[in-house]
Amino acid sequence: MARTPLTVRVARWSATHPWRSMGLWLGLVVLSIVLSASVAPKTATSIDMAAGSSQSALRLLDEAGLEEPASELVLVTADPDDGPLDRGAADAAIADVTAGMVALPEVAAVGDVIWSAEGDAALLPVRMRGDPEEASDHVEPLRAVTETVAADHPNVRVEQTGGASVDAAVTEVVEEDLASAAALSLPVTLGLMLLAFGALIAAAVPVLLALTSVAISLGLYAVVSQIVPDMGTVANMVLLIGMAVGVDYSLFFVKRQREEREKGLGPIDAVEVAAATAGHSILVAGVAVIVSVSALLLVGNVIFSGLAVGAILVVAVAMLGSLTVVPALVGKLGRWVDRPRVPLLWRLAARTRPGALSGRLVAPVLRRPGVALAVSGVIALALAAPALTLRMEESSLDQLPDGIAAVEALERVQTDFPTEGDEIVVVAHASSGSPARVSDALATLAAEAEASGLVAPGSSVDTSADGRTFELLLPTPEAAGAESSAAALDLVRSDLGPELLGDLDGVRWETAGDEAESRDSTDQQSSALPWVVGAVLLFTLVVMGVTFRSGGVALLTLGLNVASVAVAFGVLALVFQHGWAEGLLDFESNGTVVSWIPMFLFVVLVGLSMDYHVLVLSRIREAAQGGATPRDAVAAGIRQTAGPVSMAALVMVSVFGLFATASMVEMKQMGVGLAVAILVDATLVRIVMLPALLALRPGIVTTMARRSTHSDPKEISFDVPAAA
């Protein structure tokens, strides 16, 4: 006798002990809310987010107590409508700003005024107290002083900018985007579920699972973040993925349970069949997402580690909920799950024959599979081709949304004070020997760097209290990203540094700065990319091969997933690199895609694509086990899964599409990439490419059916994948 599948045992216990199951789930929700309120998520520091030599340099500075304090800049310029700058009015405004800032406990010192070369702009540096990593939490009093002075001096323009101001403003925008996406996703998702079920309770079950899964995951991540800190995007990603998979998993289960009830089974028996079929597909799909996303941990960067852990948590929680609290709800409610009915939608759902549209679409594909595959392949290649031109760069000022005052002020600072560019930070630590050697070498390095013309005059050296760690600041004429800044970094890293510091015994030297940190991060991602891609592809092959006992299925799934991702990358390049939808999505293209987006999309999309493929292939196998020919089994599998797969895809596309309306360009890129890939996967891939390939290779279907020894879903062993 075969063992009862694990999914059936768990779902049956939940359905026969509904109050315990729902009580445990509610307790988990309450516990997560308490954790969210009592445990502050740990935010990644600049050291955490850096890579390579930059990270080592920042760590040396931190250990030596040489970390630069946070500083803000107050810019005074003429009002655009009032002509040239009135020097007297500017001096009066500067005096008021200085007086206001000095009186604040958050301010350590106010520097001397710096005038632009043309005398039409003044810059006042303000140094803050405390941990620079927490400066954005304490910058509001400084901004209040600046705003008050600006109101008191309407004849000049007084603005504040700096790292703390920009970080605080961007955080506000991200939080607003997150709240807006959450508020919009609820009615959209509920409306789609009403369209799918025609009944309010049945529609509410997937939405409730998704919401509670997100809440639980955020609470758990507050604890986990103490080990894997958040760099500001995890909450966005948890909401994005949680709403999608939470709705999808419960939708698959409720749909199958309803289908079995309509065949005459009682609520508990219907739950058992749904658990053995759709539940097993959910388990396989969830595991596939988790193992795919875990490949991001190979990057070794806190950005990707945080995203990976957040995704793993929310997928695992949604998977657990779909196999416990969902069976408890539908088992307890029985036929009441289809109440109250929405008259028009209920009649529409009842009169629509399952798979009617998809059946008509797939029929010509199965009659002419070679032609269908060729046409769909050409379409996919055409959409994917722009991906070959994809250019990636770290997120920069020009990718931040318009209308952020601190960002606009920073752009004006860079225009009016071009010498206030980037800095190359050279850090040297003498663990043995005379530190004087290091001091002399750094002085020579600074002189030669200035003589090259790539570094501006004004270099400075700071020394730690123990006299063994040195920080050399080399100002560059232009900001990070400029060709001259890149050339200056090359000069220091490849020539002057090795020549002057490399041969000193007992001396370790590293470089940092905006240009260095951007390059090191890009290099880290580039070196990790082959390992991440290889791990994801290997995981996909293993999961699908073990699930269906077929190497052909594994290779087929891999190829189709890669096709969906390639199309997404192509559309990403067209929209954001070539600016095809600037007006529609309200952004200005800088000709690049944010560097972390493609790797993240690749990993997540390969995992999410498994949802549909596992469900569809399982129903095809089930039909083949029932005696259908391979071609008829393909047609039946596509037709039977058309409803839940199409609705699940609509949910994902709508949720992901909402993020395309966000203010942050990188959030737009993530939303568009995910939405396009899911749309392509649920239409072109599922309805055309998949059935065409299976029709051309019927042996794959035969192998799937032959290597599964049970036809009754309730008797399928957990060790042998269940039909869905």
# chains A, B, ... in the order shown; residues from 1 in each chain; ligands from 1
>>> select_by_dssp(residues="stretch 419-580 of chain A", states="helix (DSSP H, G or I)", output="VMD selection string")
chain A and resid 435 to 451 483 to 500 514 to 548 551 to 577
>>> residues_around(residues="A:Trp25", least_positions_apart="2", cutoff="12 Å", atoms="only C-alpha atoms", output="NGL selection string")
:A and (14 or 18-23 or 27-32 or 208-209 or 212-213 or 215-216 or 317-318 or 320-326 or 328-329)
>>> write_last_selection(atoms="C-alpha atoms", output="PDB file, in the first residue's frame")
ATOM      1  CA  SER A  14      -6.837  20.951   8.619  1.00  0.00           C
ATOM      2  CA  PRO A  18     -10.874  23.633  10.998  1.00  0.00           C
ATOM      3  CA  TRP A  19     -11.014  25.725  14.173  1.00  0.00           C
ATOM      4  CA  ARG A  20      -7.601  24.541  15.299  1.00  0.00           C
ATOM      5  CA  SER A  21      -6.110  25.180  11.867  1.00  0.00           C
ATOM      6  CA  MET A  22      -7.644  28.631  11.548  1.00  0.00           C
ATOM      7  CA  GLY A  23      -6.749  29.446  15.152  1.00  0.00           C
ATOM      8  CA  GLY A  27      -2.136  33.189  16.046  1.00  0.00           C
ATOM      9  CA  LEU A  28       0.717  33.290  13.545  1.00  0.00           C
ATOM     10  CA  VAL A  29      -0.716  36.498  12.058  1.00  0.00           C
ATOM     11  CA  VAL A  30      -1.012  38.121  15.498  1.00  0.00           C
ATOM     12  CA  LEU A  31       2.514  37.021  16.434  1.00  0.00           C
ATOM     13  CA  SER A  32       3.858  38.525  13.209  1.00  0.00           C
ATOM     14  CA  LEU A 208      -7.216  36.841   2.648  1.00  0.00           C
ATOM     15  CA  LEU A 209      -4.500  34.216   2.261  1.00  0.00           C
ATOM     16  CA  THR A 212      -2.081  37.349   5.789  1.00  0.00           C
ATOM     17  CA  SER A 213       0.904  35.745   4.050  1.00  0.00           C
ATOM     18  CA  ALA A 215       1.732  40.256   7.051  1.00  0.00           C
ATOM     19  CA  ILE A 216       3.304  37.079   8.459  1.00  0.00           C
ATOM     20  CA  VAL A 317       4.176  31.085   4.093  1.00  0.00           C
ATOM     21  CA  ALA A 318       1.752  31.256   1.144  1.00  0.00           C
ATOM     22  CA  LEU A 320       1.826  26.586   3.949  1.00  0.00           C
ATOM     23  CA  GLY A 321      -1.394  28.588   4.108  1.00  0.00           C
ATOM     24  CA  SER A 322      -2.765  27.105   0.885  1.00  0.00           C
ATOM     25  CA  LEU A 323      -2.295  23.586   2.308  1.00  0.00           C
ATOM     26  CA  THR A 324      -3.658  24.316   5.804  1.00  0.00           C
ATOM     27  CA  VAL A 325      -5.953  27.266   6.372  1.00  0.00           C
ATOM     28  CA  VAL A 326      -7.479  27.149   2.858  1.00  0.00           C
ATOM     29  CA  ALA A 328      -9.859  24.311   6.681  1.00  0.00           C
ATOM     30  CA  LEU A 329     -11.992  27.141   5.310  1.00  0.00           C
TER      31      LEU A 329
END
>>> residues_around(residues="A:Val688", least_positions_apart="6", cutoff="7 Å", atoms="only C-alpha atoms", output="list in words")
Val362, Val365, Ala372, Leu373 and Ser376 of chain A
>>> residues_around(residues="A:Gly657", least_positions_apart="3", cutoff="9 Å", atoms="only C-alpha atoms", output="VMD selection string")
chain A and resid 652 to 654 660 to 661 668 671 to 672 674 to 676
>>> atom_distance(atom1="atom CA of A:Ala311", atom2="atom CA of A:Tyr221")
10.1 Å
>>> closest_atom_pairs(of="stretch 141-249 of chain A", to="stretch 412-432 of chain A", cutoff="12 Å", atoms="only C-alpha atoms", output="JSON lines")
{"residue": "A:Arg157", "atom": "CA", "partner": "A:Arg412", "partner_atom": "CA", "distance": 11.6}
{"residue": "A:Val158", "atom": "CA", "partner": "A:Arg412", "partner_atom": "CA", "distance": 11.8}
{"residue": "A:Glu159", "atom": "CA", "partner": "A:Arg412", "partner_atom": "CA", "distance": 9.9}
{"residue": "A:Gln160", "atom": "CA", "partner": "A:Val413", "partner_atom": "CA", "distance": 10.0}
{"residue": "A:Thr161", "atom": "CA", "partner": "A:Val413", "partner_atom": "CA", "distance": 8.7}
{"residue": "A:Gly162", "atom": "CA", "partner": "A:Val413", "partner_atom": "CA", "distance": 9.9}
>>> closest_residue(among="A:Thr476, A:Asp505, A:Arg335, A:Leu60", to="A:Gly264", atoms="only C-alpha atoms")
A:Arg335
>>> residues_around(residues="A:Ala64", least_positions_apart="3", cutoff="12 Å", atoms="only C-alpha atoms", output="VMD selection string")
chain A and resid 57 to 61 67 to 68 427 to 430 462 to 471
>>> closest_atom_pairs(of="stretch 309-395 of chain A", to="stretch 183-201 of chain A", cutoff="6 Å", atoms="only C-alpha atoms", output="JSON lines")
{"residue": "A:Val337", "atom": "CA", "partner": "A:Ile201", "partner_atom": "CA", "distance": 5.5}
{"residue": "A:Asp338", "atom": "CA", "partner": "A:Ala199", "partner_atom": "CA", "distance": 5.2}
{"residue": "A:Arg339", "atom": "CA", "partner": "A:Ala199", "partner_atom": "CA", "distance": 5.4}
{"residue": "A:Pro340", "atom": "CA", "partner": "A:Ala199", "partner_atom": "CA", "distance": 5.6}
{"residue": "A:Arg341", "atom": "CA", "partner": "A:Ala199", "partner_atom": "CA", "distance": 4.2}
{"residue": "A:Val342", "atom": "CA", "partner": "A:Gly198", "partner_atom": "CA", "distance": 5.5}
{"residue": "A:Leu345", "atom": "CA", "partner": "A:Gly198", "partner_atom": "CA", "distance": 4.7}
{"residue": "A:Trp346", "atom": "CA", "partner": "A:Gly198", "partner_atom": "CA", "distance": 4.1}
>>> residues_around(residues="A:Ala109", least_positions_apart="5", cutoff="8 Å", atoms="only C-alpha atoms", output="VMD selection string")
chain A and resid 102 126 to 128
>>> write_last_selection(atoms="N, CA and C atoms", output="short mmCIF file (atom, residue, chain, number, x, y, z; two decimals), in the first residue's frame")
data_model
loop_
_atom_site.label_atom_id
_atom_site.label_comp_id
_atom_site.auth_asym_id
_atom_site.auth_seq_id
_atom_site.Cartn_x
_atom_site.Cartn_y
_atom_site.Cartn_z
N VAL A 102 23.22 76.08 13.81
CA VAL A 102 24.11 75.99 14.98
C VAL A 102 23.31 75.70 16.24
N VAL A 126 27.03 71.73 6.11
CA VAL A 126 26.58 71.54 7.49
C VAL A 126 26.92 70.10 7.90
N ARG A 127 27.68 69.94 8.97
CA ARG A 127 28.08 68.62 9.44
C ARG A 127 27.17 68.18 10.58
N MET A 128 26.64 66.95 10.47
CA MET A 128 25.70 66.45 11.47
C MET A 128 26.41 65.63 12.54
#
>>> closest_residue(among="A:Leu693, A:Ala179, A:Leu26, A:Ala443", to="A:Arg368", atoms="only C-alpha atoms")
A:Leu693
>>> select_by_dssp(residues="stretch 478-621 of chain A", states="strand (DSSP E or B)", output="PyMOL selection string")
chain A and resi 507-512+593-594
>>> write_last_selection(atoms="N, CA and C atoms", output="PDB file, in the first residue's frame")
ATOM      1  N   VAL A 507      51.585  46.659   5.004  1.00  0.00           N
ATOM      2  CA  VAL A 507      50.629  47.733   4.681  1.00  0.00           C
ATOM      3  C   VAL A 507      49.524  47.179   3.786  1.00  0.00           C
ATOM      4  N   ARG A 508      48.303  47.445   4.168  1.00  0.00           N
ATOM      5  CA  ARG A 508      47.135  47.075   3.364  1.00  0.00           C
ATOM      6  C   ARG A 508      46.465  48.349   2.887  1.00  0.00           C
ATOM      7  N   TRP A 509      46.139  48.389   1.614  1.00  0.00           N
ATOM      8  CA  TRP A 509      45.484  49.593   1.102  1.00  0.00           C
ATOM      9  C   TRP A 509      44.273  49.214   0.253  1.00  0.00           C
ATOM     10  N   GLU A 510      43.237  50.038   0.334  1.00  0.00           N
ATOM     11  CA  GLU A 510      41.981  49.829  -0.401  1.00  0.00           C
ATOM     12  C   GLU A 510      41.474  51.177  -0.895  1.00  0.00           C
ATOM     13  N   THR A 511      40.519  51.150  -1.824  1.00  0.00           N
ATOM     14  CA  THR A 511      39.948  52.390  -2.362  1.00  0.00           C
ATOM     15  C   THR A 511      38.432  52.354  -2.286  1.00  0.00           C
ATOM     16  N   ALA A 512      37.855  53.523  -2.047  1.00  0.00           N
ATOM     17  CA  ALA A 512      36.399  53.666  -1.984  1.00  0.00           C
ATOM     18  C   ALA A 512      36.005  54.956  -2.688  1.00  0.00           C
ATOM     19  N   VAL A 593      19.400  50.139 -17.735  1.00  0.00           N
ATOM     20  CA  VAL A 593      18.524  49.452 -16.786  1.00  0.00           C
ATOM     21  C   VAL A 593      19.306  49.300 -15.489  1.00  0.00           C
ATOM     22  N   VAL A 594      18.647  49.484 -14.352  1.00  0.00           N
ATOM     23  CA  VAL A 594      19.322  49.373 -13.062  1.00  0.00           C
ATOM     24  C   VAL A 594      19.939  47.983 -12.939  1.00  0.00           C
TER      25      VAL A 594
END
